[in-house]
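In what follows, a structure is listed as structure tokens, so that the remarks can point back to it.
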Amino acid sequence: MRESSLMMLHYAAAVVLLVTGSIHLMKNNIPGMEIHGPLYLVNMLIFVSALMYHAMNGVRVILIELMPKRSRAISYIILVLGIIIYLYIANLVIALVR
Amino acid sequence: MKEENRGGVFKWFDFRNYSLERFLYTMHRISGIGLVIWIVIHTIQNAFPRLFPFMYGWEYTILLLILSFHAANGVRLLITELGFLLGKTYRPVYPYKMGVIYGTQKKFTVVILLIFFIIFLVMFYYLMLNMRVIT
């Protein structure tokens with residue numbers, strides 16, 4: 001994918017994070033705010049997906065800026081690492097929220 | 001892209017002769033790295049709740065600071081990246097005028113910093129409520 005498309009996805013993920021992250025924070029911290037069931041699970045899965053993409057792309061951008069010669073290797077390492085961590089966290093979220 | 005980045009991480013902290021946005025850039029990076037570390041800690045806390053129990057403490061204030069800053073400054077970057085609230089470009093002919101990041105953009109930056117502070121205060125209020133410092 002082109003670098004500009006990846007960055008546009010990065011911004012789209014940020015907007016998704018603002019919404020889903022706010023729901024996650026409000027649910028866990030505002031007393032009396034009850035959100036349960038599959039709706040919250042869906043919210044958490046969207047949140048984790050956007051979060052992992054945003055975080056991993058952020059780390060990738062920083063590393064590429066510091067080591068421009070190794071950009072391809074960094075991208076692939078981050079991609080593999082990101083998928084592994086994403087699967088682990090998504091699995092954890094499903095187990096905890098259900 | 002093939003040239004070495006000679007400045008490296010240390011250049012992030014060189015604020016001399018740079019605008020406020022340069023400082024925000026560095027802070028955005030640091031808060032981003034901080035939040036990645038927080039994701040790791042939060043995942044471990046959830047995966048092994050007996051080994052690492054949840055605690056509401058004063059250290060959460062740092063998390064709230066970096067979280068609210070990263071969110072507010074991220075909105076600023078998003079709006080600026082899409083080309084909104086930027087000044088008009090012009091040919092650099094004498095007498096020079098102020099650049100695109102002055103004017104509306106500067107006011108917008110100040111507004112975003114205020115929003116950051118308000119988000120932080122709201123989240124800090126709920127932290128205090130959950131820590132039972134205030135009832």
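A note on labels: chains of the structure tokens are A, B, ... as shown, every chain counts residues from 1, and ligands are counted from 1 in their shown order.
In chain B, the set of residues within 9 Å of chain A (atoms considered: only C-alpha atoms) is Met1, Lys2, Glu3, Glu4, Asn5, Arg6, Gly7, Gly8, Val9, Arg29, Gly32, Ile33, Leu35, Val36, Thr43, Asn46, Ala47, Ala71, Gly74, Val75, Leu78, Met123, Tyr126, Leu127, Leu129 and Asn130 of chain B.
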Would you mind exporting N, CA and C atoms of the selected residues as a PDB file, in the first residue's frame?
```pdb
ATOM      1  N   MET B   1      14.203   9.277   0.718  1.00  0.00           N
ATOM      2  CA  MET B   1      14.036   8.376   1.874  1.00  0.00           C
ATOM      3  C   MET B   1      15.287   7.540   2.143  1.00  0.00           C
ATOM      4  N   LYS B   2      16.238   7.598   1.218  1.00  0.00           N
ATOM      5  CA  LYS B   2      17.398   6.724   1.388  1.00  0.00           C
ATOM      6  C   LYS B   2      18.498   7.375   2.217  1.00  0.00           C
ATOM      7  N   GLU B   3      18.342   8.648   2.550  1.00  0.00           N
ATOM      8  CA  GLU B   3      19.391   9.311   3.318  1.00  0.00           C
ATOM      9  C   GLU B   3      19.261   8.986   4.803  1.00  0.00           C
ATOM     10  N   GLU B   4      20.395   9.018   5.477  1.00  0.00           N
ATOM     11  CA  GLU B   4      20.375   8.754   6.919  1.00  0.00           C
ATOM     12  C   GLU B   4      19.729   9.924   7.647  1.00  0.00           C
ATOM     13  N   ASN B   5      18.980   9.624   8.691  1.00  0.00           N
ATOM     14  CA  ASN B   5      18.405  10.673   9.517  1.00  0.00           C
ATOM     15  C   ASN B   5      19.452  11.044  10.567  1.00  0.00           C
ATOM     16  N   ARG B   6      20.202  12.107  10.305  1.00  0.00           N
ATOM     17  CA  ARG B   6      21.355  12.409  11.149  1.00  0.00           C
ATOM     18  C   ARG B   6      20.949  12.983  12.508  1.00  0.00           C
ATOM     19  N   GLY B   7      19.808  13.650  12.544  1.00  0.00           N
ATOM     20  CA  GLY B   7      19.387  14.255  13.804  1.00  0.00           C
ATOM     21  C   GLY B   7      19.043  13.225  14.868  1.00  0.00           C
ATOM     22  N   GLY B   8      18.305  12.184  14.476  1.00  0.00           N
ATOM     23  CA  GLY B   8      17.923  11.131  15.407  1.00  0.00           C
ATOM     24  C   GLY B   8      16.973  11.622  16.477  1.00  0.00           C
ATOM     25  N   VAL B   9      16.852  10.821  17.523  1.00  0.00           N
ATOM     26  CA  VAL B   9      15.901  11.131  18.599  1.00  0.00           C
ATOM     27  C   VAL B   9      16.265  12.434  19.299  1.00  0.00           C
ATOM     28  N   ARG B  29       4.821  12.570  19.919  1.00  0.00           N
ATOM     29  CA  ARG B  29       5.598  11.338  19.770  1.00  0.00           C
ATOM     30  C   ARG B  29       5.783  10.660  21.128  1.00  0.00           C
ATOM     31  N   GLY B  32       2.634   9.274  22.416  1.00  0.00           N
ATOM     32  CA  GLY B  32       2.280   8.087  21.633  1.00  0.00           C
ATOM     33  C   GLY B  32       3.037   6.867  22.100  1.00  0.00           C
ATOM     34  N   ILE B  33       4.348   7.025  22.325  1.00  0.00           N
ATOM     35  CA  ILE B  33       5.164   5.904  22.809  1.00  0.00           C
ATOM     36  C   ILE B  33       4.688   5.503  24.208  1.00  0.00           C
ATOM     37  N   LEU B  35       1.689   5.764  25.373  1.00  0.00           N
ATOM     38  CA  LEU B  35       0.411   5.042  25.269  1.00  0.00           C
ATOM     39  C   LEU B  35       0.625   3.603  24.779  1.00  0.00           C
ATOM     40  N   VAL B  36       1.623   3.393  23.896  1.00  0.00           N
ATOM     41  CA  VAL B  36       1.935   2.020  23.456  1.00  0.00           C
ATOM     42  C   VAL B  36       2.397   1.192  24.653  1.00  0.00           C
ATOM     43  N   THR B  43      -2.838  -4.688  28.924  1.00  0.00           N
ATOM     44  CA  THR B  43      -3.095  -6.060  28.469  1.00  0.00           C
ATOM     45  C   THR B  43      -2.620  -7.069  29.509  1.00  0.00           C
ATOM     46  N   ASN B  46      -4.952  -7.224  32.401  1.00  0.00           N
ATOM     47  CA  ASN B  46      -6.192  -7.941  32.120  1.00  0.00           C
ATOM     48  C   ASN B  46      -5.974  -9.433  31.954  1.00  0.00           C
ATOM     49  N   ALA B  47      -4.811  -9.794  31.399  1.00  0.00           N
ATOM     50  CA  ALA B  47      -4.537 -11.210  31.162  1.00  0.00           C
ATOM     51  C   ALA B  47      -4.212 -11.942  32.469  1.00  0.00           C
ATOM     52  N   ALA B  71      -4.911  12.823  22.311  1.00  0.00           N
ATOM     53  CA  ALA B  71      -6.210  12.899  21.622  1.00  0.00           C
ATOM     54  C   ALA B  71      -6.450  14.298  21.061  1.00  0.00           C
ATOM     55  N   GLY B  74      -3.971  15.173  18.392  1.00  0.00           N
ATOM     56  CA  GLY B  74      -4.270  14.344  17.221  1.00  0.00           C
ATOM     57  C   GLY B  74      -5.378  14.952  16.377  1.00  0.00           C
ATOM     58  N   VAL B  75      -6.396  15.509  17.041  1.00  0.00           N
ATOM     59  CA  VAL B  75      -7.490  16.183  16.313  1.00  0.00           C
ATOM     60  C   VAL B  75      -6.941  17.382  15.551  1.00  0.00           C
ATOM     61  N   LEU B  78      -5.052  16.096  12.540  1.00  0.00           N
ATOM     62  CA  LEU B  78      -5.982  15.577  11.528  1.00  0.00           C
ATOM     63  C   LEU B  78      -6.592  16.718  10.717  1.00  0.00           C
ATOM     64  N   MET B 123     -11.509  14.026  32.983  1.00  0.00           N
ATOM     65  CA  MET B 123     -11.066  12.659  33.291  1.00  0.00           C
ATOM     66  C   MET B 123     -10.478  12.584  34.699  1.00  0.00           C
ATOM     67  N   TYR B 126     -13.233  12.210  37.274  1.00  0.00           N
ATOM     68  CA  TYR B 126     -13.741  10.843  37.416  1.00  0.00           C
ATOM     69  C   TYR B 126     -12.712   9.923  38.071  1.00  0.00           C
ATOM     70  N   LEU B 127     -11.423  10.200  37.864  1.00  0.00           N
ATOM     71  CA  LEU B 127     -10.381   9.430  38.558  1.00  0.00           C
ATOM     72  C   LEU B 127     -10.499   9.649  40.062  1.00  0.00           C
ATOM     73  N   LEU B 129     -13.126  10.567  41.627  1.00  0.00           N
ATOM     74  CA  LEU B 129     -14.376   9.960  42.056  1.00  0.00           C
ATOM     75  C   LEU B 129     -14.188   8.461  42.290  1.00  0.00           C
ATOM     76  N   ASN B 130     -13.469   7.796  41.391  1.00  0.00           N
ATOM     77  CA  ASN B 130     -13.233   6.354  41.520  1.00  0.00           C
ATOM     78  C   ASN B 130     -12.222   6.025  42.610  1.00  0.00           C
TER      79      ASN B 130
END
```
- Non-local contacts of His36 (chain A) (12 Å; only C-alpha atoms; under 3 positions in same chain excluded) as a ChimeraX atom specification: /A:23-24,27-28,33,39-44,96-98
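If only C-alpha atoms are the atoms counted, then among A:Pro38, A:Gly21, A:Ser5, A:Ala13 the closest residue to Leu67 (chain B) is A:Gly21.
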- Message: Based on the backbone DSSP call, show me all residues of chain B assigned alpha helix (DSSP H), as number ranges by chain.
- Response: B: 8-12, 20-47, 60-81, 104-130
- Tell me, as a PyMOL selection string, which residues lie within 12 Å of Met1 (chain A), counting only C-alpha atoms; anything in the same chain fewer than 5 positions away does not count. chain A and resi 6-9+72+75
Selected residues written out with N, CA and C atoms, as a PDB file, in the first residue's frame:
```
ATOM      1  N   LEU A   6      -1.804   4.542   3.830  1.00  0.00           N
ATOM      2  CA  LEU A   6      -1.583   4.063   5.202  1.00  0.00           C
ATOM      3  C   LEU A   6      -1.827   5.187   6.203  1.00  0.00           C
ATOM      4  N   MET A   7      -1.378   6.400   5.872  1.00  0.00           N
ATOM      5  CA  MET A   7      -1.573   7.522   6.793  1.00  0.00           C
ATOM      6  C   MET A   7      -3.042   7.923   6.867  1.00  0.00           C
ATOM      7  N   MET A   8      -3.760   7.835   5.737  1.00  0.00           N
ATOM      8  CA  MET A   8      -5.186   8.167   5.765  1.00  0.00           C
ATOM      9  C   MET A   8      -5.936   7.161   6.654  1.00  0.00           C
ATOM     10  N   LEU A   9      -5.539   5.880   6.549  1.00  0.00           N
ATOM     11  CA  LEU A   9      -6.111   4.853   7.439  1.00  0.00           C
ATOM     12  C   LEU A   9      -5.772   5.160   8.898  1.00  0.00           C
ATOM     13  N   ARG A  72      11.595  -1.143   4.577  1.00  0.00           N
ATOM     14  CA  ARG A  72      10.855  -2.340   4.172  1.00  0.00           C
ATOM     15  C   ARG A  72      10.882  -3.411   5.274  1.00  0.00           C
ATOM     16  N   SER A  75       8.671  -2.397   8.167  1.00  0.00           N
ATOM     17  CA  SER A  75       7.246  -2.553   7.863  1.00  0.00           C
ATOM     18  C   SER A  75       6.801  -4.003   8.028  1.00  0.00           C
TER      19      SER A  75
END
```
